[in-house]
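**Q** First the structure, which I've put down as structure tokens, then a few questions once you've had a look.
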Amino acid sequence: MNDTVVRSGGPTATDRFLWALADGWTITRRDLVHWTRQPGQLVVGLLFPVAMVLMFGFLFGGAMTVPGGGDYREFLMPGMFAMAMVFGVGETVTAVSGDAARGVTDRFRSMPMAPSAVVVGRCAADMLRSAITLALLVACGLLVGWQWHGTPGGAAAGIGLLLLLRFALVWVGVYVGLAVRGEGAVTAVHTLEFPLGFLSNAFVATASMPLWLGAVADWNPLSSTVAATRELFGNPGWGGESWIAQNAVLMAVVWPLAITAVFFPLCVRRFRALGG
Amino acid sequence: MDTTGYAVTAHGLGKRYGRSWALRGFDLEVPTGSVCGLLGPNGAGKTTAVRVLTTLLRADEGTARVAGHDVAAEGDAVRRSIGLVGQNAAVDEVLSGRQNLEMFGRLYHLGARRAAARADELLERFRLADTGRKPVSAYSGGMRRRLDLAASMILSPPVLFLDEPTVGLDPRGRNEVWSAVRALVEGDTTVLLTTQYLEEADQLADRISVVDSGRVIAEGTPEELKSRLGGDRLDVVLHDDAALDGAADLVGRVVGARPGTEADTRRISVGVTDRVAALTEVARALEEHGIAVEDLALRRPTLDEVFLHLTGGGDGRDERDERVEESR
């Protein structure tokens, strides 16, 4: 009874497309089931950025000054939103490298499922998780006194830019997860998240840094997303002398697209290389 | 479907990693419905062969057909006809056994309801029904392997590949897996299994292909292979190492073959064809010459001995294997 699929001749293009969608959803669903089976891990993962907000907002916040004046927590929240998108990469790398190491990826590859489903499903699950994290952080921000002052359209655009950054970072995570074997990959990525985050305008204005360091931080893709989000939310601390700081919204679109353009093909190549 | 009577055929397969060949001139024919054991040491090319035959890896040379489909040109059709149990239990640790089987069932496009029904059937068949709802992380090694086997049998594929199915298991887990594999073989499933253990090939396989340096160097039933080696081995362990050389000459004269000796263990080892007669004659001769014996036993040849015999001794194989392993 199970062989109907096998013997009914080749599947049509429509079948293939529907299967690819169904397979991608099956892989995404696997992550959702993980959450229900390990609610503790999900909660800890979600509470980490909240703890960061409280730490920076209240512990360090008193010592921080916002360029041009303004409330530090108003300044901080867009930075925290973007940081949460960066921290998501660790989840992607952990999932991808774990599956490769345990042979789960090989099992998928030995099955007649859509080859795209593994990455499409991964991407969907990670985006969903990041969207939940972002929703929680927005709620947390509102509680600590942050709010958006712009138009609803502007706010939606800000959220969109944050998720666009996360989308680009999915491909970085998939690539690293496939390229580097073992636990080392996960540790390396977690270690890199912090310097990437601090060497940006997420927590402090780049104008307060030494000139050369400020320039590096301005060109950090994270800074463009943070500055663009501040601008769209009407939060303080955006703009600046440099060209890149003045064109934050443009660069918050260009950077993620550029990252995707580089890393998506790299992921496809890595995936093919598994078949060496 | 296959019309040749062979579920798996490979001709001149070659796979290169850098400058060393993991497979070269690899030929294999597995009759439909039989169990073929690929026997060889680590790095001999067994896993590479399985990965090529299961479409995970593209060969640099040669052709192969599985269930009548070309592995290079008809990958999708091959993947619909095979199950693969790799060296790791390739299942999700967080999900329960049942959730794993349901997920793989959906990915085989059974649909939600049939995937669930099939999961229950397979849990029952592989004696995992009691623990089906527990997370896999709580399973023993043998249970994981059985779940892995169950996942490979979702479509009841005509050809099943088992890559070292019992590596890393304790004796109990190994026995569990062996009986699960035997139960599968009673159906029409063709099985290709790789192993480093002669005993495992002996237990499960109808025919054994011995693999070394990336190709099949000998092929036959377990009995044929063992008789090519001169049958079983007779081991004599002496009480006193001073008598070793004299006793070895004596054993050699009685059995009619040149024995090997190991001074540090005071052991004399020789191939015998006429098992019981050789045992009694050697025992009598040693007693007549007043040589004190600590142990005297018949045993099957070890894999090392099979290899030494078939390859004619050391050829720097280990060194090359390590390089191949590293380059993966």
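In the structure tokens, chains take the letters A, B, ... in the order shown, each chain's residues start at 1, and ligands count up from 1 in the order shown.
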So that I can check the surroundings of Arg73 in chain A, please list as a list of chain:residue names every protein, DNA and RNA residue that reaches within 10 Å of it, counting only C-alpha atoms and ignoring chain neighbours fewer than 3 positions away.

**A**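 Counting only the stated atoms, we get A:Val53, A:Leu54, A:Phe56, A:Gly57, A:Phe58, A:Gly61, A:Gly62, A:Met64, A:Val66, A:Gly70, A:Leu76, A:Met77, A:Pro78, A:Gly79, A:Met80, A:Gly141, A:Val144, A:Gly145, A:Trp146, A:Gln147, A:Phe203, A:Asn235, A:Pro236.
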
**Q** Just C-alpha atoms for this one: save the residues we selected as a PDB file, in the first residue's frame.

**A**
```pdb
ATOM      1  CA  VAL A  53      17.150  45.243  27.819  1.00  0.00           C
ATOM      2  CA  LEU A  54      16.811  45.432  31.596  1.00  0.00           C
ATOM      3  CA  PHE A  56      21.408  48.040  29.569  1.00  0.00           C
ATOM      4  CA  GLY A  57      18.267  50.075  30.177  1.00  0.00           C
ATOM      5  CA  PHE A  58      18.576  50.328  33.947  1.00  0.00           C
ATOM      6  CA  GLY A  61      21.496  53.372  31.176  1.00  0.00           C
ATOM      7  CA  GLY A  62      22.173  56.056  33.784  1.00  0.00           C
ATOM      8  CA  MET A  64      24.858  56.738  28.891  1.00  0.00           C
ATOM      9  CA  VAL A  66      22.257  60.140  23.822  1.00  0.00           C
ATOM     10  CA  GLY A  70      16.735  62.092  24.479  1.00  0.00           C
ATOM     11  CA  LEU A  76      18.449  51.582  23.189  1.00  0.00           C
ATOM     12  CA  MET A  77      15.410  49.612  22.046  1.00  0.00           C
ATOM     13  CA  PRO A  78      16.055  49.687  18.268  1.00  0.00           C
ATOM     14  CA  GLY A  79      19.588  48.506  19.076  1.00  0.00           C
ATOM     15  CA  MET A  80      18.193  45.643  21.160  1.00  0.00           C
ATOM     16  CA  GLY A 141      10.145  48.034  25.289  1.00  0.00           C
ATOM     17  CA  VAL A 144      10.129  50.209  30.041  1.00  0.00           C
ATOM     18  CA  GLY A 145       9.033  53.447  28.422  1.00  0.00           C
ATOM     19  CA  TRP A 146      10.001  53.079  24.781  1.00  0.00           C
ATOM     20  CA  GLN A 147       7.489  53.877  22.037  1.00  0.00           C
ATOM     21  CA  PHE A 203      24.334  50.615  22.574  1.00  0.00           C
ATOM     22  CA  ASN A 235      13.542  57.392  18.314  1.00  0.00           C
ATOM     23  CA  PRO A 236      16.573  59.590  19.098  1.00  0.00           C
TER      24      PRO A 236
END
```

**Q** Select all residues from chain A having any atom no more than 9 Å from an atom of chain B (counting only C-alpha atoms, ignoring ligands), output as an MDAnalysis selection string.

**A** chainID A and resid 1:3 5:6 10 19 22:23 26:27 29:30 33:34 37:38 99 101:114 273:276

**Q** Take the residues from that selection and write them out as a short mmCIF file (atom, residue, chain, number, x, y, z; two decimals), in the first residue's frame, keeping N, CA and C atoms.

**A**
```
data_model
loop_
_atom_site.label_atom_id
_atom_site.label_comp_id
_atom_site.auth_asym_id
_atom_site.auth_seq_id
_atom_site.Cartn_x
_atom_site.Cartn_y
_atom_site.Cartn_z
N MET A 1 0.82 -1.20 0.00
CA MET A 1 0.00 0.00 0.00
C MET A 1 0.86 1.26 0.00
N ASN A 2 2.09 1.10 0.45
CA ASN A 2 2.91 2.30 0.55
C ASN A 2 3.65 2.61 -0.74
N ASP A 3 3.47 1.75 -1.72
CA ASP A 3 4.28 1.91 -2.90
C ASP A 3 3.57 2.65 -4.02
N VAL A 5 3.15 5.74 -4.51
CA VAL A 5 3.95 6.87 -4.98
C VAL A 5 5.06 6.37 -5.89
N VAL A 6 5.65 5.26 -5.50
CA VAL A 6 6.81 4.73 -6.22
C VAL A 6 6.44 4.31 -7.63
N GLY A 10 6.39 9.24 -13.02
CA GLY A 10 7.06 10.43 -12.51
C GLY A 10 6.07 11.48 -12.04
N TRP A 19 4.85 19.41 -3.17
CA TRP A 19 5.65 18.60 -2.25
C TRP A 19 6.73 19.43 -1.57
N ALA A 22 5.08 21.32 1.09
CA ALA A 22 4.69 20.42 2.19
C ALA A 22 5.93 19.97 2.96
N ASP A 23 7.00 19.63 2.23
CA ASP A 23 8.23 19.17 2.90
C ASP A 23 8.84 20.28 3.74
N THR A 26 6.92 20.54 6.83
CA THR A 26 7.22 19.43 7.74
C THR A 26 8.49 19.73 8.54
N ILE A 27 9.49 20.30 7.87
CA ILE A 27 10.75 20.61 8.55
C ILE A 27 10.54 21.75 9.55
N ARG A 29 7.74 22.49 11.01
CA ARG A 29 6.89 21.93 12.06
C ARG A 29 7.74 21.18 13.09
N ARG A 30 8.82 20.56 12.60
CA ARG A 30 9.71 19.85 13.52
C ARG A 30 10.24 20.82 14.59
N VAL A 33 7.55 21.59 17.11
CA VAL A 33 7.39 20.49 18.07
C VAL A 33 8.52 20.53 19.10
N HIS A 34 9.74 20.90 18.64
CA HIS A 34 10.86 21.07 19.59
C HIS A 34 10.46 22.04 20.70
N ARG A 37 8.20 20.51 23.14
CA ARG A 37 8.82 19.47 23.96
C ARG A 37 9.87 20.02 24.90
N GLN A 38 10.44 21.17 24.54
CA GLN A 38 11.46 21.78 25.40
C GLN A 38 11.09 23.23 25.69
N ASP A 99 22.37 18.76 12.82
CA ASP A 99 21.79 17.81 11.87
C ASP A 99 22.86 17.18 10.98
N ALA A 101 26.06 16.77 11.77
CA ALA A 101 26.92 15.90 12.57
C ALA A 101 26.22 14.58 12.90
N ARG A 102 24.93 14.62 13.14
CA ARG A 102 24.22 13.40 13.55
C ARG A 102 23.76 12.56 12.37
N GLY A 103 24.01 13.03 11.14
CA GLY A 103 23.60 12.24 9.98
C GLY A 103 22.16 12.47 9.57
N VAL A 104 21.48 13.40 10.25
CA VAL A 104 20.08 13.67 9.89
C VAL A 104 20.02 14.30 8.50
N THR A 105 20.97 15.19 8.21
CA THR A 105 21.01 15.81 6.89
C THR A 105 21.19 14.75 5.81
N ASP A 106 22.06 13.77 6.06
CA ASP A 106 22.26 12.69 5.09
C ASP A 106 20.99 11.86 4.91
N ARG A 107 20.28 11.63 6.03
CA ARG A 107 19.04 10.87 5.87
C ARG A 107 18.07 11.64 4.98
N PHE A 108 17.94 12.94 5.22
CA PHE A 108 17.06 13.75 4.37
C PHE A 108 17.50 13.63 2.90
N ARG A 109 18.82 13.70 2.70
CA ARG A 109 19.32 13.67 1.32
C ARG A 109 19.12 12.32 0.67
N SER A 110 18.98 11.24 1.47
CA SER A 110 18.78 9.92 0.89
C SER A 110 17.29 9.64 0.67
N MET A 111 16.44 10.62 1.00
CA MET A 111 14.99 10.43 0.84
C MET A 111 14.50 11.17 -0.39
N PRO A 112 13.35 10.72 -0.93
CA PRO A 112 12.84 11.36 -2.15
C PRO A 112 12.12 12.68 -1.87
N MET A 113 12.56 13.42 -0.87
CA MET A 113 11.91 14.69 -0.56
C MET A 113 12.53 15.82 -1.37
N ALA A 114 11.85 16.99 -1.37
CA ALA A 114 12.37 18.14 -2.11
C ALA A 114 13.68 18.59 -1.49
N ALA A 273 28.04 20.43 -2.40
CA ALA A 273 29.35 19.84 -2.13
C ALA A 273 29.23 18.65 -1.20
N LEU A 274 28.13 18.57 -0.44
CA LEU A 274 27.93 17.40 0.41
C LEU A 274 27.89 16.15 -0.46
N GLY A 275 27.46 16.31 -1.72
CA GLY A 275 27.41 15.19 -2.65
C GLY A 275 28.71 15.03 -3.43
N GLY A 276 29.72 15.82 -3.06
CA GLY A 276 31.08 15.83 -3.56
C GLY A 276 31.30 15.21 -4.86
#
```

**Q** Would you pick out the contacts of Val189 in chain A at 12 Å or less, using only C-alpha atoms, so that residues sharing its chain but fewer than 3 positions from it are not included, and give the list as number ranges by chain?

**A** A: 86-94, 97, 169, 172-177, 180, 183-186, 192-196

**Q** Export N, CA and C atoms of the chosen residues as a short mmCIF file (atom, residue, chain, number, x, y, z; two decimals), in the first residue's frame?

**A**
```
data_model
loop_
_atom_site.label_atom_id
_atom_site.label_comp_id
_atom_site.auth_asym_id
_atom_site.auth_seq_id
_atom_site.Cartn_x
_atom_site.Cartn_y
_atom_site.Cartn_z
N VAL A 86 20.61 39.42 15.43
CA VAL A 86 21.96 38.86 15.31
C VAL A 86 22.10 37.60 16.16
N PHE A 87 21.56 37.65 17.40
CA PHE A 87 21.68 36.48 18.28
C PHE A 87 20.97 35.25 17.69
N GLY A 88 19.98 35.47 16.84
CA GLY A 88 19.29 34.35 16.20
C GLY A 88 20.20 33.46 15.37
N VAL A 89 21.32 34.03 14.87
CA VAL A 89 22.22 33.26 14.03
C VAL A 89 22.72 32.01 14.76
N GLY A 90 22.96 32.17 16.07
CA GLY A 90 23.43 31.03 16.87
C GLY A 90 22.46 29.86 16.77
N GLU A 91 21.16 30.16 16.79
CA GLU A 91 20.15 29.10 16.68
C GLU A 91 20.27 28.38 15.35
N THR A 92 20.44 29.18 14.29
CA THR A 92 20.55 28.59 12.96
C THR A 92 21.75 27.66 12.87
N VAL A 93 22.91 28.17 13.34
CA VAL A 93 24.14 27.38 13.25
C VAL A 93 24.00 26.08 14.05
N THR A 94 23.45 26.20 15.28
CA THR A 94 23.29 25.02 16.13
C THR A 94 22.45 23.96 15.43
N SER A 97 24.37 22.60 12.06
CA SER A 97 25.56 21.77 12.30
C SER A 97 25.19 20.50 13.07
N LEU A 169 20.79 36.96 7.68
CA LEU A 169 21.67 36.23 8.60
C LEU A 169 21.35 34.74 8.65
N VAL A 172 23.85 33.22 6.44
CA VAL A 172 25.17 33.18 7.07
C VAL A 172 25.21 31.98 8.01
N GLY A 173 24.14 31.81 8.81
CA GLY A 173 24.07 30.71 9.78
C GLY A 173 24.08 29.35 9.11
N VAL A 174 23.32 29.21 8.03
CA VAL A 174 23.28 27.92 7.32
C VAL A 174 24.66 27.62 6.75
N TYR A 175 25.28 28.64 6.17
CA TYR A 175 26.60 28.42 5.58
C TYR A 175 27.61 27.99 6.64
N VAL A 176 27.66 28.72 7.75
CA VAL A 176 28.62 28.38 8.81
C VAL A 176 28.31 26.98 9.36
N GLY A 177 27.02 26.68 9.55
CA GLY A 177 26.63 25.37 10.07
C GLY A 177 27.05 24.23 9.17
N VAL A 180 31.49 24.49 8.91
CA VAL A 180 32.33 24.17 10.07
C VAL A 180 31.70 23.01 10.82
N GLU A 183 31.09 21.18 17.50
CA GLU A 183 30.61 22.18 18.45
C GLU A 183 31.32 23.51 18.26
N GLY A 184 32.53 23.46 17.72
CA GLY A 184 33.33 24.67 17.56
C GLY A 184 32.59 25.76 16.83
N ALA A 185 31.79 25.36 15.82
CA ALA A 185 31.06 26.33 15.02
C ALA A 185 30.13 27.15 15.89
N VAL A 186 29.42 26.46 16.76
CA VAL A 186 28.43 27.13 17.60
C VAL A 186 29.11 28.12 18.54
N LEU A 192 31.35 35.57 18.39
CA LEU A 192 31.42 36.69 17.45
C LEU A 192 30.23 37.63 17.55
N GLU A 193 29.12 37.12 18.11
CA GLU A 193 27.92 37.96 18.18
C GLU A 193 28.18 39.22 19.00
N PHE A 194 28.95 39.07 20.09
CA PHE A 194 29.13 40.21 20.97
C PHE A 194 29.97 41.32 20.35
N PRO A 195 31.19 41.03 19.85
CA PRO A 195 31.93 42.12 19.21
C PRO A 195 31.16 42.75 18.06
N LEU A 196 30.45 41.94 17.29
CA LEU A 196 29.66 42.49 16.19
C LEU A 196 28.62 43.46 16.73
#
```

**Q** Set the distance at 12 Å and use only C-alpha atoms: which residues neighbour Glu121 in chain B once local chain neighbours fewer than 3 positions away are removed? I'd like the list as a ChimeraX atom specification.

**A** /B:98,101-102,105,114-118,124-129,132,150-151,153-154,156

**Q** Using backbone DSSP assignments, extract all helix (DSSP H, G or I) residues from range 119-304 of chain B; output them as a ChimeraX atom specification.

**A** /B:119-125,129-131,136-138,141-152,171-185,198-204,222-228,241-255,275-288,303-304

**Q** Using only C-alpha atoms, which of the listed residues (A:Ser208, A:Thr229, A:Asn201, A:Asn220) sits closest to Ala157 in chain A?

**A**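 Selected residue with least distance to Ala157 in chain A: A:Thr229.
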
**Q** With distances taken over only C-alpha atoms, which of B:Thr4, B:Thr131, B:Thr32, B:Thr265 is nearest to Val185 in chain B?

**A**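 Of B:Thr4, B:Thr131, B:Thr32, B:Thr265, the one nearest Val185 in chain B is B:Thr32, counting only C-alpha atoms.
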
**Q** If we count only C-alpha atoms and set the cut-off at 9 Å, which residues sit around Val35 in chain B, ignoring sequence neighbours fewer than 3 positions away in its own chain? Please answer as a list in words.

**A**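 So the residues in contact are Val30, Pro31, Thr32, Val185, Thr189, Thr190, Val191, Leu192, Leu193, Leu204, Ala205, Asp206, Arg207 and Ile208 of chain B.
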
**Q** Save the residues we just selected, N, CA and C atoms, as a PDB file, in the first residue's frame?

**A**
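Resulting contents of result.pdb:
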```pdb
ATOM      1  N   VAL B  30      24.750  -7.614  -6.294  1.00  0.00           N
ATOM      2  CA  VAL B  30      23.982  -8.166  -5.176  1.00  0.00           C
ATOM      3  C   VAL B  30      22.673  -8.725  -5.728  1.00  0.00           C
ATOM      4  N   PRO B  31      22.485 -10.066  -5.696  1.00  0.00           N
ATOM      5  CA  PRO B  31      21.252 -10.662  -6.211  1.00  0.00           C
ATOM      6  C   PRO B  31      20.035 -10.156  -5.432  1.00  0.00           C
ATOM      7  N   THR B  32      18.935  -9.943  -6.147  1.00  0.00           N
ATOM      8  CA  THR B  32      17.706  -9.471  -5.519  1.00  0.00           C
ATOM      9  C   THR B  32      17.267 -10.434  -4.422  1.00  0.00           C
ATOM     10  N   VAL B 185      14.927  -9.377   6.740  1.00  0.00           N
ATOM     11  CA  VAL B 185      15.431 -10.181   5.641  1.00  0.00           C
ATOM     12  C   VAL B 185      14.439 -11.284   5.273  1.00  0.00           C
ATOM     13  N   THR B 189      13.211  -7.987   1.107  1.00  0.00           N
ATOM     14  CA  THR B 189      14.157  -6.885   1.059  1.00  0.00           C
ATOM     15  C   THR B 189      15.573  -7.364   0.734  1.00  0.00           C
ATOM     16  N   THR B 190      16.206  -6.666  -0.201  1.00  0.00           N
ATOM     17  CA  THR B 190      17.625  -6.900  -0.464  1.00  0.00           C
ATOM     18  C   THR B 190      18.406  -6.013   0.503  1.00  0.00           C
ATOM     19  N   VAL B 191      19.391  -6.589   1.162  1.00  0.00           N
ATOM     20  CA  VAL B 191      20.137  -5.808   2.148  1.00  0.00           C
ATOM     21  C   VAL B 191      21.617  -5.765   1.766  1.00  0.00           C
ATOM     22  N   LEU B 192      22.184  -4.564   1.799  1.00  0.00           N
ATOM     23  CA  LEU B 192      23.627  -4.421   1.666  1.00  0.00           C
ATOM     24  C   LEU B 192      24.124  -3.835   2.975  1.00  0.00           C
ATOM     25  N   LEU B 193      24.911  -4.601   3.711  1.00  0.00           N
ATOM     26  CA  LEU B 193      25.386  -4.088   4.994  1.00  0.00           C
ATOM     27  C   LEU B 193      26.897  -4.058   5.004  1.00  0.00           C
ATOM     28  N   LEU B 204      24.732 -12.456   9.477  1.00  0.00           N
ATOM     29  CA  LEU B 204      23.624 -11.841   8.737  1.00  0.00           C
ATOM     30  C   LEU B 204      23.673 -12.064   7.233  1.00  0.00           C
ATOM     31  N   ALA B 205      24.869 -12.227   6.671  1.00  0.00           N
ATOM     32  CA  ALA B 205      24.982 -12.143   5.215  1.00  0.00           C
ATOM     33  C   ALA B 205      24.934 -13.505   4.536  1.00  0.00           C
ATOM     34  N   ASP B 206      24.304 -13.538   3.337  1.00  0.00           N
ATOM     35  CA  ASP B 206      24.360 -14.736   2.494  1.00  0.00           C
ATOM     36  C   ASP B 206      25.704 -14.807   1.792  1.00  0.00           C
ATOM     37  N   ARG B 207      26.151 -13.653   1.321  1.00  0.00           N
ATOM     38  CA  ARG B 207      27.441 -13.582   0.649  1.00  0.00           C
ATOM     39  C   ARG B 207      28.227 -12.398   1.200  1.00  0.00           C
ATOM     40  N   ILE B 208      29.539 -12.554   1.233  1.00  0.00           N
ATOM     41  CA  ILE B 208      30.402 -11.509   1.753  1.00  0.00           C
ATOM     42  C   ILE B 208      31.323 -11.022   0.643  1.00  0.00           C
TER      43      ILE B 208
END
```

**Q** Within 6 Å of Val236 in chain B, counting only C-alpha atoms, which residues qualify if same-chain residues fewer than 2 places away don't, as an MDAnalysis selection string?

**A** chainID B and resid 267:268 295:296

**Q** Would you mind exporting the chosen residues as a PDB file, in the first residue's frame, restricted to C-alpha atoms?

**A**
```
ATOM      1  CA  ARG B 267      50.901 -18.653  21.860  1.00  0.00           C
ATOM      2  CA  ILE B 268      51.156 -20.923  18.821  1.00  0.00           C
ATOM      3  CA  ASP B 295      45.139 -23.480  26.920  1.00  0.00           C
ATOM      4  CA  LEU B 296      44.192 -25.280  23.749  1.00  0.00           C
TER       5      LEU B 296
END
```

**Q** Would you list the contacts of Ser269 in chain B as a list in words, taking every protein, DNA or RNA residue within 6 Å and counting only C-alpha atoms, but skipping same-chain residues closer than 6 positions in sequence?

**A**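 Counting only C-alpha atoms, the residues come to Leu234, Asp235, Pro259 and Gly260 of chain B.
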
**Q** Calculate how many Å separate CA of Ile291 in chain B from CA of Ala243 in chain B, rounding to one decimal.

**A** 7.2 Å

**Q** Check the DSSP output for the backbone and give back, as a ChimeraX atom specification, the residues of range 13-245 of chain B in strand (DSSP E).

**A** /B:13-17,20-31,35-39,61-66,69-70,82-85,159-163,190-195,207-212,215-220,232-238

**Q** Filtering to C-alpha atoms, could you give me those residues as a PDB file, in the first residue's frame?

**A**
```
ATOM      1  CA  LEU B  13      33.266   2.765  -9.350  1.00  0.00           C
ATOM      2  CA  GLY B  14      35.923   5.296  -8.438  1.00  0.00           C
ATOM      3  CA  LYS B  15      35.831   8.157  -5.941  1.00  0.00           C
ATOM      4  CA  ARG B  16      38.799  10.380  -5.264  1.00  0.00           C
ATOM      5  CA  TYR B  17      39.525  12.674  -2.328  1.00  0.00           C
ATOM      6  CA  SER B  20      43.995   9.410  -2.770  1.00  0.00           C
ATOM      7  CA  TRP B  21      41.260   7.164  -4.067  1.00  0.00           C
ATOM      8  CA  ALA B  22      38.634   6.077  -1.524  1.00  0.00           C
ATOM      9  CA  LEU B  23      37.176   3.772  -4.177  1.00  0.00           C
ATOM     10  CA  ARG B  24      38.855   2.492  -7.286  1.00  0.00           C
ATOM     11  CA  GLY B  25      37.677  -0.235  -9.630  1.00  0.00           C
ATOM     12  CA  PHE B  26      34.889  -1.161  -7.233  1.00  0.00           C
ATOM     13  CA  ASP B  27      32.694  -3.930  -8.686  1.00  0.00           C
ATOM     14  CA  LEU B  28      29.702  -5.465  -6.945  1.00  0.00           C
ATOM     15  CA  GLU B  29      26.622  -7.510  -7.812  1.00  0.00           C
ATOM     16  CA  VAL B  30      23.982  -8.166  -5.176  1.00  0.00           C
ATOM     17  CA  PRO B  31      21.252 -10.662  -6.211  1.00  0.00           C
ATOM     18  CA  VAL B  35      21.897 -10.098   2.054  1.00  0.00           C
ATOM     19  CA  CYS B  36      25.352  -8.929   1.014  1.00  0.00           C
ATOM     20  CA  GLY B  37      27.982  -8.082   3.602  1.00  0.00           C
ATOM     21  CA  LEU B  38      30.725  -5.606   2.689  1.00  0.00           C
ATOM     22  CA  LEU B  39      33.501  -6.590   5.037  1.00  0.00           C
ATOM     23  CA  GLU B  61      34.305   6.962 -12.331  1.00  0.00           C
ATOM     24  CA  GLY B  62      32.153   3.971 -13.182  1.00  0.00           C
ATOM     25  CA  THR B  63      28.446   3.232 -13.079  1.00  0.00           C
ATOM     26  CA  ALA B  64      26.041   1.783 -10.569  1.00  0.00           C
ATOM     27  CA  ARG B  65      22.399   0.764 -10.607  1.00  0.00           C
ATOM     28  CA  VAL B  66      20.161   0.282  -7.591  1.00  0.00           C
ATOM     29  CA  HIS B  69      17.874   2.805 -11.637  1.00  0.00           C
ATOM     30  CA  ASP B  70      21.128   4.550 -12.455  1.00  0.00           C
ATOM     31  CA  ILE B  82      16.018   2.568  -0.842  1.00  0.00           C
ATOM     32  CA  GLY B  83      16.309   2.884   2.892  1.00  0.00           C
ATOM     33  CA  LEU B  84      19.566   3.975   4.509  1.00  0.00           C
ATOM     34  CA  VAL B  85      20.768   3.380   8.026  1.00  0.00           C
ATOM     35  CA  VAL B 159      16.748  -2.276  -1.131  1.00  0.00           C
ATOM     36  CA  LEU B 160      18.079  -1.449   2.313  1.00  0.00           C
ATOM     37  CA  PHE B 161      21.584  -0.147   3.080  1.00  0.00           C
ATOM     38  CA  LEU B 162      23.008  -0.619   6.563  1.00  0.00           C
ATOM     39  CA  ASP B 163      26.319   1.111   7.180  1.00  0.00           C
ATOM     40  CA  THR B 190      17.625  -6.900  -0.464  1.00  0.00           C
ATOM     41  CA  VAL B 191      20.137  -5.808   2.148  1.00  0.00           C
ATOM     42  CA  LEU B 192      23.627  -4.421   1.666  1.00  0.00           C
ATOM     43  CA  LEU B 193      25.386  -4.088   4.994  1.00  0.00           C
ATOM     44  CA  THR B 194      28.891  -2.965   5.796  1.00  0.00           C
ATOM     45  CA  THR B 195      30.786  -4.204   8.797  1.00  0.00           C
ATOM     46  CA  ARG B 207      27.441 -13.582   0.649  1.00  0.00           C
ATOM     47  CA  ILE B 208      30.402 -11.509   1.753  1.00  0.00           C
ATOM     48  CA  SER B 209      32.465  -9.136  -0.360  1.00  0.00           C
ATOM     49  CA  VAL B 210      35.771  -8.312   1.272  1.00  0.00           C
ATOM     50  CA  VAL B 211      36.757  -4.688   0.637  1.00  0.00           C
ATOM     51  CA  ASP B 212      40.260  -3.326   0.864  1.00  0.00           C
ATOM     52  CA  ARG B 215      37.819  -2.344  -4.152  1.00  0.00           C
ATOM     53  CA  VAL B 216      36.373  -5.797  -3.633  1.00  0.00           C
ATOM     54  CA  ILE B 217      39.283  -8.218  -3.236  1.00  0.00           C
ATOM     55  CA  ALA B 218      37.353 -11.411  -2.498  1.00  0.00           C
ATOM     56  CA  GLU B 219      33.779 -12.560  -2.687  1.00  0.00           C
ATOM     57  CA  GLY B 220      31.870 -15.635  -1.575  1.00  0.00           C
ATOM     58  CA  ASP B 232      39.555 -22.462  11.577  1.00  0.00           C
ATOM     59  CA  ARG B 233      42.551 -21.680  13.734  1.00  0.00           C
ATOM     60  CA  LEU B 234      43.999 -23.846  16.469  1.00  0.00           C
ATOM     61  CA  ASP B 235      45.550 -21.856  19.334  1.00  0.00           C
ATOM     62  CA  VAL B 236      47.956 -23.425  21.812  1.00  0.00           C
ATOM     63  CA  VAL B 237      49.099 -21.423  24.840  1.00  0.00           C
ATOM     64  CA  LEU B 238      52.124 -22.942  26.610  1.00  0.00           C
TER      65      LEU B 238
END
```

**Q** May I ask for the distance between CA of Val216 in chain A and CA of Val204 in chain A, given in Å to one decimal place?

**A**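 These atoms are spaced 13.7 Å apart.
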
**Q** Using only C-alpha atoms, pick whichever of A:His190, A:Arg269, A:Arg166, A:His149 has the shortest atom-to-atom distance to Glu74 in chain A.

**A** A:His149

**Q** Using only C-alpha atoms, which of A:Gly239, A:Gly24, A:Pro152, A:Gly234 sits nearest Ser116 in chain A?

**A**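 Smallest distance to Ser116 in chain A is found for A:Gly24.
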